[in-house]
$ cat entry37.csv   # CSV, C-alpha atoms
chain,number,residue,atom,x,y,z
A,293,MET,CA,52.2,-113.9,66.0
A,294,SER,CA,54.3,-114.3,69.1
A,295,ALA,CA,57.9,-115.2,69.1
A,296,HIS,CA,57.0,-118.5,70.7
A,297,ALA,CA,54.6,-119.3,67.9
A,298,GLN,CA,57.2,-118.3,65.3
A,299,VAL,CA,59.7,-120.8,66.7
A,300,GLU,CA,57.2,-123.6,66.8
A,301,ALA,CA,56.1,-123.0,63.3
A,302,LEU,CA,59.6,-123.7,61.9
A,303,PRO,CA,59.4,-126.2,59.1
A,304,PRO,CA,61.2,-129.5,59.4
A,305,GLY,CA,64.6,-129.8,57.8
A,306,LEU,CA,67.4,-127.3,57.9
A,307,THR,CA,65.8,-124.6,60.1
A,308,GLY,CA,67.4,-121.3,60.9
A,309,PRO,CA,68.8,-122.3,64.3
A,310,LYS,CA,70.2,-125.5,62.9
A,311,LEU,CA,71.8,-123.6,59.9
A,312,ALA,CA,73.4,-121.2,62.4
A,313,VAL,CA,74.9,-124.1,64.3
A,314,TRP,CA,76.2,-125.7,61.1
A,315,TRP,CA,77.7,-122.4,60.1
A,316,PHE,CA,79.4,-122.1,63.4
A,317,LEU,CA,80.6,-125.7,63.2
A,318,ALA,CA,82.0,-125.0,59.7
A,319,SER,CA,84.2,-122.2,61.1
A,320,GLU,CA,85.3,-124.6,63.9
A,321,ILE,CA,86.2,-127.3,61.3
A,322,MET,CA,88.4,-124.7,59.6
A,323,VAL,CA,90.2,-124.0,62.9
A,324,PHE,CA,90.8,-127.6,63.8
A,325,GLY,CA,91.3,-128.6,60.1
A,326,GLY,CA,94.0,-126.0,59.8
A,327,LEU,CA,95.7,-127.2,63.0
A,328,ILE,CA,95.6,-130.8,62.0
A,329,ALA,CA,96.8,-130.1,58.5
A,330,SER,CA,99.7,-128.1,59.8
A,331,TYR,CA,100.5,-130.9,62.3
A,332,LEU,CA,100.5,-133.5,59.5
A,333,VAL,CA,102.6,-131.5,57.1
A,334,LEU,CA,105.3,-130.7,59.8
A,335,ARG,CA,105.2,-134.2,61.2
A,336,LEU,CA,105.6,-135.9,57.8
A,337,GLY,CA,108.6,-133.7,57.1
A,338,GLY,CA,110.3,-133.9,60.5
A,339,THR,CA,111.9,-136.3,62.8
A,340,GLY,CA,111.6,-137.1,66.5
A,341,TRP,CA,107.8,-136.7,66.7
A,342,ALA,CA,107.1,-140.4,67.3
A,343,GLU,CA,109.6,-140.4,70.1
A,344,ALA,CA,107.9,-137.4,71.8
A,345,SER,CA,104.5,-139.0,71.5
A,346,GLN,CA,105.8,-142.1,73.4
A,347,HIS,CA,105.7,-140.0,76.5
A,348,LEU,CA,101.9,-139.6,76.3
A,349,SER,CA,99.5,-141.9,78.0
A,350,PRO,CA,97.4,-143.8,75.3
A,351,THR,CA,95.5,-145.5,78.2
A,352,LEU,CA,94.1,-142.3,79.6
A,353,ALA,CA,93.4,-141.0,76.1
A,354,ALA,CA,91.6,-144.3,75.3
A,355,VAL,CA,89.5,-144.0,78.4
A,356,ASN,CA,88.7,-140.4,77.4
A,357,THR,CA,87.7,-141.6,74.0
A,358,LEU,CA,85.4,-144.1,75.5
A,359,VAL,CA,83.9,-141.4,77.8
A,360,LEU,CA,83.2,-139.0,74.9
A,361,LEU,CA,81.7,-141.7,72.7
A,362,THR,CA,79.4,-142.7,75.6
A,363,SER,CA,78.5,-139.1,76.3
A,364,SER,CA,77.5,-138.7,72.7
A,365,TYR,CA,75.3,-141.7,73.1
A,366,THR,CA,73.7,-140.2,76.2
A,367,ILE,CA,73.0,-136.9,74.5
A,368,VAL,CA,71.2,-138.5,71.6
A,369,ARG,CA,69.2,-140.4,74.2
A,370,ALA,CA,68.4,-137.0,75.8
A,371,PHE,CA,67.2,-135.7,72.5
A,372,VAL,CA,64.9,-138.7,72.0
A,373,ALA,CA,63.6,-138.3,75.5
A,374,ALA,CA,62.9,-134.6,74.8
A,375,GLU,CA,61.1,-135.5,71.6
A,376,HIS,CA,58.9,-137.9,73.5
A,377,GLY,CA,58.3,-135.5,76.4
A,378,ASP,CA,60.1,-137.7,78.8
A,379,ALA,CA,61.4,-135.2,81.4
A,380,GLY,CA,63.1,-137.9,83.6
A,381,GLY,CA,65.0,-139.4,80.6
A,382,LEU,CA,66.0,-135.9,79.4
A,383,ARG,CA,67.4,-135.0,82.8
A,384,VAL,CA,69.2,-138.3,83.4
A,385,ASN,CA,70.8,-138.4,80.0
A,386,LEU,CA,71.8,-134.8,80.0
A,387,ALA,CA,73.3,-135.1,83.5
A,388,LEU,CA,75.2,-138.2,82.3
A,389,THR,CA,76.5,-136.2,79.3
A,390,VAL,CA,77.7,-133.4,81.7
A,391,VAL,CA,79.4,-135.9,83.9
A,392,GLY,CA,81.1,-137.5,80.9
A,393,GLY,CA,82.4,-134.0,79.9
A,394,LEU,CA,83.7,-133.4,83.4
A,395,ILE,CA,85.4,-136.8,83.5
A,396,PHE,CA,87.1,-136.0,80.2
A,397,LEU,CA,88.3,-132.7,81.5
A,398,GLY,CA,89.5,-134.3,84.8
A,399,LEU,CA,91.5,-136.9,83.0
A,400,LYS,CA,92.9,-134.3,80.7
A,401,ALA,CA,94.0,-132.3,83.7
A,402,VAL,CA,95.7,-135.4,85.1
A,403,GLU,CA,97.5,-135.9,81.8
A,404,TYR,CA,98.7,-132.3,81.6
A,405,THR,CA,99.9,-132.3,85.2
A,406,THR,CA,101.9,-135.5,84.7
A,407,GLU,CA,103.4,-134.3,81.5
A,408,ILE,CA,104.3,-130.8,82.8
A,409,ARG,CA,105.9,-132.4,85.9
A,410,ALA,CA,108.0,-134.6,83.6
A,411,GLY,CA,109.3,-131.4,81.8
A,412,PHE,CA,107.1,-131.7,78.7
A,413,THR,CA,105.8,-128.2,78.7
A,414,PRO,CA,104.4,-126.4,75.6
A,415,GLY,CA,107.9,-125.1,75.0
A,416,ALA,CA,109.6,-128.5,75.1
A,417,GLY,CA,109.4,-128.9,71.3
A,418,ILE,CA,107.2,-128.6,68.3
A,419,PHE,CA,105.3,-131.8,69.0
A,420,TRP,CA,104.4,-130.5,72.5
A,421,SER,CA,103.4,-127.1,71.1
A,422,PHE,CA,101.0,-128.8,68.8
A,423,TYR,CA,99.8,-131.2,71.5
A,424,TYR,CA,98.9,-128.5,74.0
A,425,THR,CA,97.4,-126.3,71.3
A,426,MET,CA,95.2,-128.9,69.8
A,427,THR,CA,94.2,-130.7,73.0
A,428,GLY,CA,93.8,-127.5,74.9
A,429,LEU,CA,91.6,-125.9,72.3
A,430,HIS,CA,89.6,-129.1,72.2
A,431,ALA,CA,89.3,-129.1,76.0
A,432,LEU,CA,88.0,-125.6,75.9
A,433,HIS,CA,85.3,-126.8,73.5
A,434,VAL,CA,84.4,-129.6,75.8
A,435,LEU,CA,84.1,-127.1,78.6
A,436,GLY,CA,81.8,-124.9,76.5
A,437,GLY,CA,79.7,-128.0,75.7
A,438,VAL,CA,79.4,-128.8,79.4
A,439,VAL,CA,78.2,-125.3,80.1
A,440,VAL,CA,75.6,-125.5,77.3
A,441,ASN,CA,74.4,-128.8,78.5
A,442,VAL,CA,74.1,-127.6,82.1
A,443,VAL,CA,72.1,-124.6,80.9
A,444,ILE,CA,69.7,-126.9,79.0
A,445,LEU,CA,69.5,-129.2,82.0
A,446,ALA,CA,68.6,-126.3,84.2
A,447,ALA,CA,65.8,-125.4,81.8
A,448,THR,CA,64.3,-128.9,81.3
A,449,ARG,CA,60.7,-127.6,80.9
A,450,ALA,CA,61.7,-125.3,78.1
A,451,SER,CA,63.7,-128.0,76.5
A,452,LEU,CA,60.7,-130.3,76.5
A,453,GLU,CA,58.6,-127.7,74.8
A,454,ARG,CA,61.4,-127.0,72.2
A,455,PRO,CA,63.4,-130.2,71.8
A,456,HIS,CA,65.5,-128.6,69.0
A,457,ARG,CA,67.5,-127.0,71.8
A,458,VAL,CA,68.7,-130.4,72.8
A,459,GLU,CA,69.2,-131.3,69.2
A,460,LEU,CA,71.4,-128.3,68.6
A,461,ALA,CA,73.5,-128.9,71.8
A,462,GLY,CA,73.9,-132.5,70.6
A,463,LEU,CA,75.1,-131.4,67.2
A,464,TYR,CA,77.8,-129.3,68.9
A,465,TRP,CA,78.7,-132.2,71.3
A,466,HIS,CA,79.0,-134.7,68.4
A,467,PHE,CA,81.4,-132.3,66.7
A,468,VAL,CA,83.5,-132.1,69.8
A,469,ASP,CA,83.6,-135.8,70.0
A,470,LEU,CA,84.4,-136.2,66.3
A,471,VAL,CA,87.4,-133.8,66.7
A,472,TRP,CA,88.7,-135.9,69.5
A,473,ILE,CA,88.4,-139.1,67.4
A,474,PHE,CA,90.9,-137.5,65.0
A,475,LEU,CA,93.2,-136.1,67.7
A,476,PHE,CA,93.5,-139.4,69.5
A,477,PRO,CA,95.2,-141.5,66.9
A,478,LEU,CA,97.1,-138.5,65.4
A,479,LEU,CA,98.7,-137.6,68.8
A,480,TYR,CA,98.7,-140.8,70.8
A,481,LEU,CA,98.9,-143.7,68.4
A,482,SER,CA,101.1,-142.5,65.5
B,881,MET,CA,51.9,-129.9,63.6
B,882,SER,CA,54.1,-132.6,64.9
B,883,VAL,CA,56.7,-134.3,62.8
B,884,GLU,CA,58.2,-137.4,64.3
B,885,ARG,CA,61.5,-138.7,63.0
B,886,ALA,CA,62.5,-142.4,62.8
B,887,HIS,CA,65.6,-142.5,65.0
B,888,PRO,CA,68.4,-145.0,64.2
B,889,ASN,CA,69.3,-147.6,66.7
B,890,TYR,CA,71.6,-145.5,68.7
B,891,THR,CA,72.6,-148.3,71.1
B,892,ALA,CA,73.7,-150.5,68.2
B,893,VAL,CA,75.8,-147.6,66.7
B,894,TRP,CA,77.3,-146.9,70.1
B,895,LEU,CA,78.3,-150.6,70.5
B,896,TRP,CA,79.8,-150.7,67.0
B,897,LEU,CA,81.9,-147.6,67.9
B,898,LEU,CA,83.1,-149.3,71.0
B,899,VAL,CA,84.0,-152.4,69.0
B,900,LEU,CA,85.9,-150.3,66.5
B,901,LEU,CA,87.7,-148.5,69.3
B,902,GLY,CA,88.7,-151.7,70.9
B,903,VAL,CA,90.0,-153.2,67.6
B,904,GLY,CA,91.9,-150.1,66.9
B,905,LEU,CA,93.5,-150.1,70.3
B,906,ALA,CA,94.3,-153.8,70.2
B,907,ALA,CA,95.9,-153.3,66.8
B,908,SER,CA,98.0,-150.4,68.0
B,909,PHE,CA,99.8,-152.8,70.5
B,910,LEU,CA,100.6,-155.4,67.8
B,911,PRO,CA,104.0,-155.2,66.1
B,912,GLY,CA,103.5,-153.1,63.0
B,913,GLY,CA,99.9,-152.7,63.9
B,914,ARG,CA,99.9,-148.9,64.2
B,915,SER,CA,98.9,-148.4,60.6
B,916,VAL,CA,96.0,-150.8,61.1
B,917,ALA,CA,95.1,-149.0,64.3
B,918,LEU,CA,95.0,-145.7,62.5
B,919,VAL,CA,92.8,-147.0,59.7
B,920,VAL,CA,90.4,-148.6,62.2
B,921,ILE,CA,90.2,-145.5,64.3
B,922,PHE,CA,89.6,-143.3,61.3
B,923,ALA,CA,86.9,-145.8,60.4
B,924,THR,CA,85.5,-145.0,63.8
B,925,ALA,CA,85.5,-141.4,62.9
B,926,VAL,CA,83.6,-142.2,59.7
B,927,VAL,CA,81.0,-144.2,61.5
B,928,ARG,CA,80.8,-141.5,64.0
B,929,HIS,CA,80.3,-138.9,61.3
B,930,CYS,CA,77.4,-141.0,59.8
B,931,TRP,CA,75.8,-141.2,63.2
B,932,TRP,CA,76.2,-137.5,63.6
B,933,ARG,CA,74.5,-136.9,60.3
B,934,SER,CA,71.7,-139.3,61.0
B,935,ALA,CA,71.2,-138.1,64.6
B,936,SER,CA,70.9,-134.4,64.0
B,937,CYS,CA,71.2,-133.0,60.5
B,938,ILE,CA,69.3,-132.2,57.5
B,939,SER,CA,67.0,-135.2,57.8
B,940,GLY,CA,64.6,-133.0,59.6
B,941,SER,CA,62.9,-132.8,62.9
B,942,SER,CA,60.3,-130.5,64.2
B,943,ARG,CA,57.7,-130.5,66.8
B,944,ALA,CA,54.9,-128.0,67.1

$ encode --input "entry37.csv" --output "structure tokens"
Amino acid sequence: MSAHAQVEALPPGLTGPKLAVWWFLASEIMVFGGLIASYLVLRLGGTGWAEASQHLSPTLAAVNTLVLLTSSYTIVRAFVAAEHGDAGGLRVNLALTVVGGLIFLGLKAVEYTTEIRAGFTPGAGIFWSFYYTMTGLHALHVLGGVVVNVVILAATRASLERPHRVELAGLYWHFVDLVWIFLFPLLYLS
Amino acid sequence: MSVERAHPNYTAVWLWLLVLLGVGLAASFLPGGRSVALVVIFATAVVRHCWWRSASCISGSSRA
């Protein structure tokens, strides 16, 4: 049996590749969970955090939240298109997802530039240390997701034959989105 | 073998998420509304999580 045939014979449910992605995401949850828990513990026991967060831009962050939510929508549309053998739909929706990720990164760069120019560097205080660590790590994950989506986009034919590739990329992208939905209120609105 | 999955209505879920985000943001600008905003936005995360699970999890999808 060829390797190709082995992949296609995978049973429905929690297949090996999906289990691997979940395993990876579990380790990611521990990383972000540890950071968020540390942030909460220190913030609840400290002062001056709310004042520091006033210097952030909730408007830009809200736009970024909207962009990420929408890009999660487009990636599930891409998965549905891949399942139905719709090459055009797969390409368009994956491209929109990539664009969403790039817009997110662009707006984050604008935010960072503004804050650093105002003197709020990672060394400006504990809030800023957490802010740059958590959002920077998250931005790296977004960048990684963009790269994965571009690779899948470049191999549309293979993705149509094996739609679980799109599904796995979507799984990761949903995780990245979910982390941001926690970071947004914790950093910008509290 | 081809196993088709019944997909949820992704457009409706996306619209619900946008509504929750809008309500959360609106609440955050009201006096004393930040707590409400936090609750609403975490509700967004919960809905998001349910979507995530229904979109691509153990429910099973395979195409051969």

$ closest_residue --input "entry37.csv" --among "A:Met426, A:Ala401, A:Ile408, A:Ala354" --to "Gly325 (chain A)" --atoms "only C-alpha atoms"
A:Met426

$ closest_residue --input "entry37.csv" --among "B:Val927, B:Trp894, B:Val919, B:Val903" --to "chain A" --atoms "all atoms listed in the file"
B:Trp894

$ closest_residue --input "entry37.csv" --among "A:Tyr464, A:Phe419, A:Trp472, A:Tyr424" --to "Arg335 (chain A)" --atoms "only C-alpha atoms"
A:Phe419

$ interface_residues --input "entry37.csv" --of "chain A" --to "chain B" --cutoff "10 Å" --atoms "only C-alpha atoms" --output "NGL selection string"
:A and (297 or 299-307 or 310-311 or 314 or 350-351 or 354 or 357-358 or 361-362 or 364-366 or 368-369 or 371-372 or 375-376 or 453-456 or 458-467 or 469-474 or 476-478 or 481-482)

$ write_last_selection --input "entry37.csv" --atoms "C-alpha atoms" --output "PDB file, keeping the file's coordinate frame"
ATOM      1  CA  ALA A 297      54.600-119.300  67.900  1.00  0.00           C
ATOM      2  CA  VAL A 299      59.700-120.800  66.700  1.00  0.00           C
ATOM      3  CA  GLU A 300      57.200-123.600  66.800  1.00  0.00           C
ATOM      4  CA  ALA A 301      56.100-123.000  63.300  1.00  0.00           C
ATOM      5  CA  LEU A 302      59.600-123.700  61.900  1.00  0.00           C
ATOM      6  CA  PRO A 303      59.400-126.200  59.100  1.00  0.00           C
ATOM      7  CA  PRO A 304      61.200-129.500  59.400  1.00  0.00           C
ATOM      8  CA  GLY A 305      64.600-129.800  57.800  1.00  0.00           C
ATOM      9  CA  LEU A 306      67.400-127.300  57.900  1.00  0.00           C
ATOM     10  CA  THR A 307      65.800-124.600  60.100  1.00  0.00           C
ATOM     11  CA  LYS A 310      70.200-125.500  62.900  1.00  0.00           C
ATOM     12  CA  LEU A 311      71.800-123.600  59.900  1.00  0.00           C
ATOM     13  CA  TRP A 314      76.200-125.700  61.100  1.00  0.00           C
ATOM     14  CA  PRO A 350      97.400-143.800  75.300  1.00  0.00           C
ATOM     15  CA  THR A 351      95.500-145.500  78.200  1.00  0.00           C
ATOM     16  CA  ALA A 354      91.600-144.300  75.300  1.00  0.00           C
ATOM     17  CA  THR A 357      87.700-141.600  74.000  1.00  0.00           C
ATOM     18  CA  LEU A 358      85.400-144.100  75.500  1.00  0.00           C
ATOM     19  CA  LEU A 361      81.700-141.700  72.700  1.00  0.00           C
ATOM     20  CA  THR A 362      79.400-142.700  75.600  1.00  0.00           C
ATOM     21  CA  SER A 364      77.500-138.700  72.700  1.00  0.00           C
ATOM     22  CA  TYR A 365      75.300-141.700  73.100  1.00  0.00           C
ATOM     23  CA  THR A 366      73.700-140.200  76.200  1.00  0.00           C
ATOM     24  CA  VAL A 368      71.200-138.500  71.600  1.00  0.00           C
ATOM     25  CA  ARG A 369      69.200-140.400  74.200  1.00  0.00           C
ATOM     26  CA  PHE A 371      67.200-135.700  72.500  1.00  0.00           C
ATOM     27  CA  VAL A 372      64.900-138.700  72.000  1.00  0.00           C
ATOM     28  CA  GLU A 375      61.100-135.500  71.600  1.00  0.00           C
ATOM     29  CA  HIS A 376      58.900-137.900  73.500  1.00  0.00           C
ATOM     30  CA  GLU A 453      58.600-127.700  74.800  1.00  0.00           C
ATOM     31  CA  ARG A 454      61.400-127.000  72.200  1.00  0.00           C
ATOM     32  CA  PRO A 455      63.400-130.200  71.800  1.00  0.00           C
ATOM     33  CA  HIS A 456      65.500-128.600  69.000  1.00  0.00           C
ATOM     34  CA  VAL A 458      68.700-130.400  72.800  1.00  0.00           C
ATOM     35  CA  GLU A 459      69.200-131.300  69.200  1.00  0.00           C
ATOM     36  CA  LEU A 460      71.400-128.300  68.600  1.00  0.00           C
ATOM     37  CA  ALA A 461      73.500-128.900  71.800  1.00  0.00           C
ATOM     38  CA  GLY A 462      73.900-132.500  70.600  1.00  0.00           C
ATOM     39  CA  LEU A 463      75.100-131.400  67.200  1.00  0.00           C
ATOM     40  CA  TYR A 464      77.800-129.300  68.900  1.00  0.00           C
ATOM     41  CA  TRP A 465      78.700-132.200  71.300  1.00  0.00           C
ATOM     42  CA  HIS A 466      79.000-134.700  68.400  1.00  0.00           C
ATOM     43  CA  PHE A 467      81.400-132.300  66.700  1.00  0.00           C
ATOM     44  CA  ASP A 469      83.600-135.800  70.000  1.00  0.00           C
ATOM     45  CA  LEU A 470      84.400-136.200  66.300  1.00  0.00           C
ATOM     46  CA  VAL A 471      87.400-133.800  66.700  1.00  0.00           C
ATOM     47  CA  TRP A 472      88.700-135.900  69.500  1.00  0.00           C
ATOM     48  CA  ILE A 473      88.400-139.100  67.400  1.00  0.00           C
ATOM     49  CA  PHE A 474      90.900-137.500  65.000  1.00  0.00           C
ATOM     50  CA  PHE A 476      93.500-139.400  69.500  1.00  0.00           C
ATOM     51  CA  PRO A 477      95.200-141.500  66.900  1.00  0.00           C
ATOM     52  CA  LEU A 478      97.100-138.500  65.400  1.00  0.00           C
ATOM     53  CA  LEU A 481      98.900-143.700  68.400  1.00  0.00           C
ATOM     54  CA  SER A 482     101.100-142.500  65.500  1.00  0.00           C
TER      55      SER A 482
END

$ residues_around --input "entry37.csv" --residues "Ser363 (chain A)" --least-positions-apart "3" --cutoff "8 Å" --atoms "all atoms listed in the file" --output "list in words"
Val359, Leu360, Thr366, Ile367, Leu388, Thr389, Val390, Gly392 and Gly393 of chain A

$ atom_distance --input "entry37.csv" --atom1 "CA of Gly436 (chain A)" --atom2 "CA of Gln346 (chain A)"
29.7 Å

$ residues_around --input "entry37.csv" --residues "Tyr423 (chain A)" --least-positions-apart "5" --cutoff "10 Å" --atoms "all atoms listed in the file" --output "PyMOL selection string"
chain A and resi 331+345+348+413-414+417-418+428-429+475+478-480

$ atom_distance --input "entry37.csv" --atom1 "CA of His430 (chain A)" --atom2 "CA of Val468 (chain A)"
7.2 Å

$ atom_distance --input "entry37.csv" --atom1 "CA of Ile444 (chain A)" --atom2 "CA of Leu386 (chain A)"
8.2 Å
